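Here is structure.cif, consisting of mmCIF, C-alpha atoms:
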```
data_query
loop_
_atom_site.label_atom_id
_atom_site.label_comp_id
_atom_site.auth_asym_id
_atom_site.auth_seq_id
_atom_site.Cartn_x
_atom_site.Cartn_y
_atom_site.Cartn_z
CA MET A 101 -88.18 14.84 -100.62
CA ARG A 102 -84.54 13.66 -101.19
CA LEU A 103 -83.40 12.71 -104.70
CA THR A 104 -79.96 11.19 -105.24
CA ILE A 105 -78.38 11.03 -108.67
CA ARG A 106 -75.12 9.15 -109.33
CA ALA A 107 -73.00 10.40 -112.17
CA LEU A 108 -70.11 8.37 -113.59
CA GLY A 109 -69.31 7.06 -110.14
CA LEU A 110 -67.35 10.24 -109.37
CA ALA A 111 -69.84 12.27 -107.40
CA MET A 112 -73.37 12.48 -106.15
CA LEU A 113 -75.93 15.17 -106.82
CA VAL A 114 -78.39 15.39 -104.02
CA ALA A 115 -81.50 17.55 -104.34
CA ILE A 116 -82.81 18.63 -101.03
CA GLY A 117 -85.57 21.22 -100.99
CA GLY A 118 -84.67 23.73 -103.74
CA THR A 119 -80.90 23.30 -103.25
CA ILE A 120 -78.69 21.03 -105.25
CA VAL A 121 -75.77 19.72 -103.27
CA PHE A 122 -72.70 18.43 -105.10
CA GLN A 123 -71.09 15.75 -102.97
CA PRO A 124 -67.96 14.02 -104.26
CA THR A 125 -67.72 10.40 -103.45
CA ASN A 126 -64.37 10.98 -101.72
CA ALA A 127 -65.55 14.02 -99.76
CA THR A 128 -63.44 14.82 -96.81
CA ALA A 129 -64.61 15.34 -93.26
CA ALA A 130 -64.82 19.05 -93.92
CA GLY A 131 -68.26 18.40 -95.51
CA PRO A 132 -69.86 19.01 -98.96
CA VAL A 133 -69.27 22.04 -101.10
CA ALA A 134 -72.53 23.93 -101.68
CA LEU A 135 -73.72 24.78 -105.18
CA THR A 136 -76.52 27.33 -105.20
CA ASP A 137 -78.78 27.62 -108.23
CA GLY A 138 -76.28 25.91 -110.57
CA ALA A 139 -73.40 28.22 -109.79
CA SER A 140 -69.91 26.83 -110.16
CA PRO A 141 -68.37 25.60 -106.95
CA THR A 142 -66.35 28.19 -105.15
CA PRO A 143 -63.73 26.79 -102.82
CA ALA A 144 -63.77 28.14 -99.31
CA PRO A 145 -61.13 30.73 -98.83
CA SER A 146 -58.14 29.35 -97.01
CA ALA A 147 -56.59 31.24 -94.19
CA LEU A 148 -53.44 32.96 -95.40
CA PRO A 149 -50.64 33.90 -93.05
CA SER A 150 -50.75 37.53 -92.23
CA ALA A 151 -47.95 39.53 -93.74
CA ILE A 152 -45.23 40.67 -91.31
CA PRO A 153 -45.08 44.42 -91.44
CA THR A 154 -41.76 45.62 -92.81
CA PRO A 155 -40.27 48.40 -90.75
CA ASP A 156 -39.84 51.63 -92.59
CA PRO A 157 -36.10 52.31 -92.73
CA THR A 158 -36.74 56.02 -92.79
CA THR A 159 -38.45 55.88 -89.43
CA THR A 160 -35.95 53.59 -87.66
CA PRO A 161 -33.90 55.69 -85.28
CA ALA A 162 -30.14 55.48 -85.79
CA PRO A 163 -28.30 53.79 -82.91
CA THR A 164 -26.77 56.18 -80.47
CA PRO A 165 -23.03 55.55 -80.06
CA THR A 166 -22.13 54.62 -76.53
CA ALA A 167 -19.74 56.99 -74.87
CA PRO A 168 -16.54 55.29 -73.66
CA THR A 169 -16.36 54.69 -69.97
CA ALA A 170 -14.25 57.26 -68.24
CA THR A 171 -12.19 54.69 -66.35
CA VAL A 172 -11.01 53.03 -69.58
CA PHE A 173 -9.02 56.08 -70.61
CA ALA A 174 -8.16 57.35 -67.18
CA ALA A 175 -4.98 55.35 -66.96
CA VAL A 176 -3.86 56.43 -70.43
CA VAL A 177 -4.87 60.06 -70.57
CA ALA A 178 -4.62 61.18 -67.00
CA PRO A 179 -1.18 62.62 -66.23
CA THR A 180 0.91 60.68 -63.76
CA THR A 181 3.15 62.07 -61.13
CA THR A 182 6.32 60.38 -59.97
CA THR A 183 7.84 60.85 -56.59
CA THR A 184 11.57 60.53 -56.28
CA THR A 185 12.76 59.28 -52.96
CA THR A 186 16.34 59.07 -51.86
CA THR A 187 17.23 56.05 -49.79
CA SER A 188 20.51 55.43 -48.07
CA PRO A 189 22.37 52.25 -49.08
CA THR A 190 21.57 49.24 -46.91
CA ARG A 191 24.28 48.45 -44.41
CA LEU A 192 25.83 45.08 -45.22
CA THR A 193 26.16 42.39 -42.62
CA ALA A 194 29.56 40.90 -41.83
CA ARG A 195 28.73 37.80 -43.83
CA GLN A 196 27.70 39.86 -46.85
CA ARG A 197 30.92 41.86 -46.62
CA ILE A 198 32.95 38.66 -46.57
CA VAL A 199 31.29 37.38 -49.74
CA ARG A 200 31.63 40.72 -51.53
CA ILE A 201 35.33 41.06 -50.72
CA ALA A 202 36.04 37.43 -51.64
CA LEU A 203 34.37 37.84 -55.05
CA ARG A 204 36.59 40.84 -55.79
CA GLN A 205 39.62 38.53 -55.61
CA ARG A 206 38.26 36.18 -58.25
CA TYR A 207 40.91 35.35 -60.90
CA ASP A 208 43.70 36.77 -58.78
CA SER A 209 46.87 34.68 -58.82
CA TYR A 210 47.64 31.70 -56.63
CA VAL A 211 51.07 31.93 -55.00
CA PRO A 212 52.16 29.62 -52.19
CA GLY A 213 52.31 31.65 -48.97
CA GLY A 214 50.48 34.60 -50.59
CA VAL A 215 48.45 36.77 -48.23
CA GLY A 216 47.18 39.47 -50.64
CA PRO A 217 46.23 41.91 -51.84
CA SER A 218 46.49 40.30 -55.32
CA THR A 219 48.25 36.97 -54.75
CA PHE A 220 47.05 34.31 -52.34
CA ASP A 221 47.22 30.73 -51.23
CA CYS A 222 44.07 29.07 -49.85
CA SER A 223 44.42 30.05 -46.18
CA GLY A 224 45.92 33.43 -47.12
CA LEU A 225 42.74 34.29 -49.10
CA VAL A 226 40.44 33.32 -46.20
CA ARG A 227 42.50 35.26 -43.67
CA TYR A 228 42.75 38.34 -45.94
CA VAL A 229 38.98 38.44 -46.59
CA TYR A 230 38.08 38.10 -42.91
CA ASN A 231 40.51 40.88 -41.97
CA GLN A 232 39.23 43.20 -44.70
CA ALA A 233 35.64 42.58 -43.56
CA GLY A 234 36.62 43.65 -40.05
CA VAL A 235 35.96 40.26 -38.44
CA GLY A 236 39.43 38.71 -38.39
CA GLY A 237 39.09 37.97 -34.68
CA LYS A 238 36.14 35.65 -35.37
CA LEU A 239 38.38 33.09 -37.07
CA GLY A 240 41.36 31.49 -35.34
CA GLY A 241 44.15 29.36 -36.72
CA GLY A 242 46.38 32.07 -38.16
CA HIS A 243 47.66 31.55 -41.71
CA SER A 244 47.19 27.79 -41.90
CA ALA A 245 44.36 25.70 -43.31
CA ARG A 246 45.10 22.86 -40.92
CA ALA A 247 45.20 25.21 -37.92
CA MET A 248 41.85 26.76 -38.92
CA TYR A 249 40.28 23.32 -39.07
CA LEU A 250 41.62 22.29 -35.67
CA TRP A 251 40.55 25.61 -34.15
CA GLY A 252 36.99 25.10 -35.43
CA ARG A 253 36.83 21.59 -34.03
CA TYR A 254 38.18 22.68 -30.68
CA HIS A 255 35.44 25.33 -30.37
CA HIS A 256 32.70 22.94 -31.60
CA LEU A 257 31.99 25.09 -34.66
CA THR A 258 32.24 22.39 -37.32
CA SER A 259 29.53 20.43 -39.13
CA ARG A 260 28.75 19.26 -42.63
CA ARG A 261 25.25 20.78 -42.70
CA ASN A 262 23.44 24.11 -42.84
CA PRO A 263 26.22 26.40 -44.03
CA ARG A 264 25.74 30.16 -44.07
CA ILE A 265 27.45 32.57 -46.41
CA GLY A 266 30.84 33.56 -45.02
CA ASP A 267 31.45 30.21 -43.32
CA VAL A 268 34.80 28.53 -43.97
CA ALA A 269 34.77 25.28 -45.96
CA VAL A 270 37.44 22.67 -45.23
CA TRP A 271 38.66 19.82 -47.46
CA GLY A 272 41.04 16.95 -46.70
CA TYR A 273 40.97 17.57 -42.93
CA GLY A 274 42.69 20.90 -43.35
CA SER A 275 44.63 20.45 -46.60
CA HIS A 276 42.50 23.14 -48.27
CA VAL A 277 40.07 25.90 -47.18
CA GLY A 278 37.72 28.30 -48.92
CA ILE A 279 34.73 30.58 -48.27
CA TYR A 280 31.12 29.50 -48.71
CA ILE A 281 29.19 32.01 -50.87
CA GLY A 282 25.79 30.30 -51.03
CA ARG A 283 23.85 27.88 -53.25
CA GLY A 284 26.38 25.09 -52.77
CA ARG A 285 29.30 27.17 -54.08
CA VAL A 286 32.62 28.26 -52.63
CA ILE A 287 35.45 30.54 -53.68
CA SER A 288 39.01 29.47 -52.97
CA ALA A 289 42.61 29.77 -54.15
CA LEU A 290 43.08 26.45 -55.92
CA ASN A 291 46.56 26.14 -57.46
CA PRO A 292 48.98 28.04 -59.75
CA ARG A 293 47.16 26.81 -62.87
CA GLN A 294 43.57 27.62 -61.86
CA ASP A 295 44.18 30.51 -59.44
CA ILE A 296 41.13 31.80 -57.50
CA ARG A 297 37.90 30.30 -58.75
CA ILE A 298 34.27 29.63 -57.81
CA THR A 299 33.42 25.93 -57.66
CA GLY A 300 30.88 23.61 -56.13
CA VAL A 301 31.54 22.39 -52.61
CA TYR A 302 31.96 18.82 -53.86
CA ALA A 303 33.77 19.66 -57.10
CA LEU A 304 37.34 19.55 -55.74
CA GLY A 305 39.76 16.66 -55.89
CA ALA A 306 40.15 16.59 -52.11
CA PRO A 307 37.14 15.22 -50.20
CA PHE A 308 34.95 17.75 -48.43
CA THR A 309 35.38 17.57 -44.66
CA THR A 310 33.29 20.21 -42.88
CA TYR A 311 32.20 23.82 -42.50
CA ILE A 312 33.52 26.08 -39.80
CA HIS A 313 30.46 28.04 -38.65
CA THR A 314 32.11 31.25 -37.54
CA ARG A 315 30.08 33.23 -35.01
CA LEU A 316 29.09 36.11 -37.23
CA PRO A 317 25.83 38.13 -37.14
#
```

Represent the supplied structure as structure tokens.
Amino acid sequence: MRLTIRALGLAMLVAIGGTIVFQPTNATAAGPVALTDGASPTPAPSALPSAIPTPDPTTTPAPTPTAPTATVFAAVVAPTTTTTTTTSPTRLTARQRIVRIALRQRYDSYVPGGVGPSTFDCSGLVRYVYNQAGVGGKLGGGHSARAMYLWGRYHHLTSRRNPRIGDVAVWGYGSHVGIYIGRGRVISALNPRQDIRITGVYALGAPFTTYIHTRLP
């Protein structure tokens, strides 16, 4: 036999067999809450999250320090040995000797007709440097800028391109000569006011004419 009792519109008491079931009117899908023999309703225990065990600090092993790698300190700690070797000075080429000797005359005085060792005119400087380098026979024309230029043309040694250090530079078709020292620069005996200076090939008042490519190693 099933007996249903409504109370205040809030819940239903249903008597089934010897058990009284308390069923709220807004019961959820989880089902009714059982009341046995008039006992107060006891909510179903909810599942609680399990506690995360806390590690015991006294049992946690201390980290073991990592030993430094041997190669890290090898370059710092290991003793180094140095070997001293004696090398003979490199023998200079004729062109290198020409440039070195010419640079020694820098700031020497310009004197018309000067042939050295401390006063020069333009062709006198070129002739002196070639003689001191031991290659005076490789450049003709004597002590004359114009004669050097004509000698170079006669032997097909002139061009305006691809100079090498030690070549002779000519301006104004033989009005001035100097020595090419590389990187677009020359050294020459300019005049009594400026003496012997390093300039650019195209930095002179006279127009650049050609190089004399002397046959040097």

- Task: In the coordinates of the file, take the point (45.5, 24.5, -45.3) and a cut-off of 6 Å; then, counting only C-alpha atoms, name each qualifying protein, DNA or RNA residue as a ChimeraX atom specification.
- Result: /A:223,244-246,274-277

For the residues in the current selection, export C-alpha atoms as an mmCIF file, in the frame of the given file.
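And here's again-v2.cif as it stands now:
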```
data_model
loop_
_atom_site.group_PDB
_atom_site.id
_atom_site.type_symbol
_atom_site.label_atom_id
_atom_site.label_comp_id
_atom_site.auth_asym_id
_atom_site.auth_seq_id
_atom_site.Cartn_x
_atom_site.Cartn_y
_atom_site.Cartn_z
ATOM 1 C CA SER A 223 44.420 30.050 -46.180
ATOM 2 C CA SER A 244 47.190 27.790 -41.900
ATOM 3 C CA ALA A 245 44.360 25.700 -43.310
ATOM 4 C CA ARG A 246 45.100 22.860 -40.920
ATOM 5 C CA GLY A 274 42.690 20.900 -43.350
ATOM 6 C CA SER A 275 44.630 20.450 -46.600
ATOM 7 C CA HIS A 276 42.500 23.140 -48.270
ATOM 8 C CA VAL A 277 40.070 25.900 -47.180
#
```

- Message: Report, in Å with one decimal, the straight-line distance from atom CA of A:Asp295 to atom CA of A:Arg253.
- Response: 27.9 Å

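Distances here use only C-alpha atoms; by that measure, the residue among A:Tyr302, A:Phe308, A:Phe220, A:Tyr210 closest to A:Arg260 is A:Phe308.
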
- Task: I would like the residues chosen by the PyMOL selection byres ((chain A and resi 222) around 6) on the shown file; could you give them as a ChimeraX atom specification?
- Result: /A:221,223-225,277,288-289

Can you give me, as a compact mmCIF listing (two decimals) with C-alpha atoms, in the frame of the given file, the residues this file yields under the PyMOL selection byres ((chain A and resi 300) around 8)?
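So the final result, stored in expr21.txt, reads:
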```txt
# COMPACT_ATOMS: atom_id res chain seq x y z
CA GLY A 284 26.38 25.09 -52.77
CA ARG A 285 29.30 27.17 -54.08
CA VAL A 286 32.62 28.26 -52.63
CA ILE A 298 34.27 29.63 -57.81
CA THR A 299 33.42 25.93 -57.66
CA VAL A 301 31.54 22.39 -52.61
CA TYR A 302 31.96 18.82 -53.86
CA ALA A 303 33.77 19.66 -57.10
CA LEU A 304 37.34 19.55 -55.74
```

So for stretch 217-235 of chain A, what box centre and size do we get, axis-aligned, 4 Å extra on each of the six sides, every listed atom, Å to one decimal, as JSON?
```
{"center_x": 41.9, "center_y": 36.4, "center_z": -46.9, "size_x": 20.6, "size_y": 22.6, "size_z": 24.9}
```

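With all atoms listed in the file as the atoms that count, the minimum distance from A:Tyr228 to the choices A:Val211, A:Ile281, A:Leu250, A:Ile201 is reached by A:Ile201.
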
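Proximity to A:Ile198 was assessed for A:Pro217, A:Val270, A:Leu290, A:Ala233 counting all atoms listed in the file; the smallest distance is recorded for A:Ala233.
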
- Item | Between atom CA of A:Arg191 and atom CA of A:Thr219 - distance in Å to one decimal | 28.5 Å

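Put simply, atom CA of A:Val268 is 6.1 Å away from atom CA of A:Tyr280.
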
- Item | Distance query A:Asp208 at most 6 Å, only C-alpha atoms, self and fewer than 3 positions along chain excluded, as a PyMOL selection string | chain A and resi 205+218+296

Expected file: the selected residues, C-alpha atoms, as a CSV table (one decimal), in the frame of the given file:
```csv
chain,number,residue,atom,x,y,z
A,205,GLN,CA,39.6,38.5,-55.6
A,218,SER,CA,46.5,40.3,-55.3
A,296,ILE,CA,41.1,31.8,-57.5
```

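Distance annotation: of A:Tyr230, A:Ser209, A:Gly237, A:His255, the residue with the minimal separation from A:Arg293 is A:Ser209; atom set is only C-alpha atoms.
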
- Query: From the list A:Ile287, A:Ala269, A:Ile279, A:Ala194, which residue is nearest A:Pro307 when using all atoms listed in the file?
  - Reply: A:Ala269
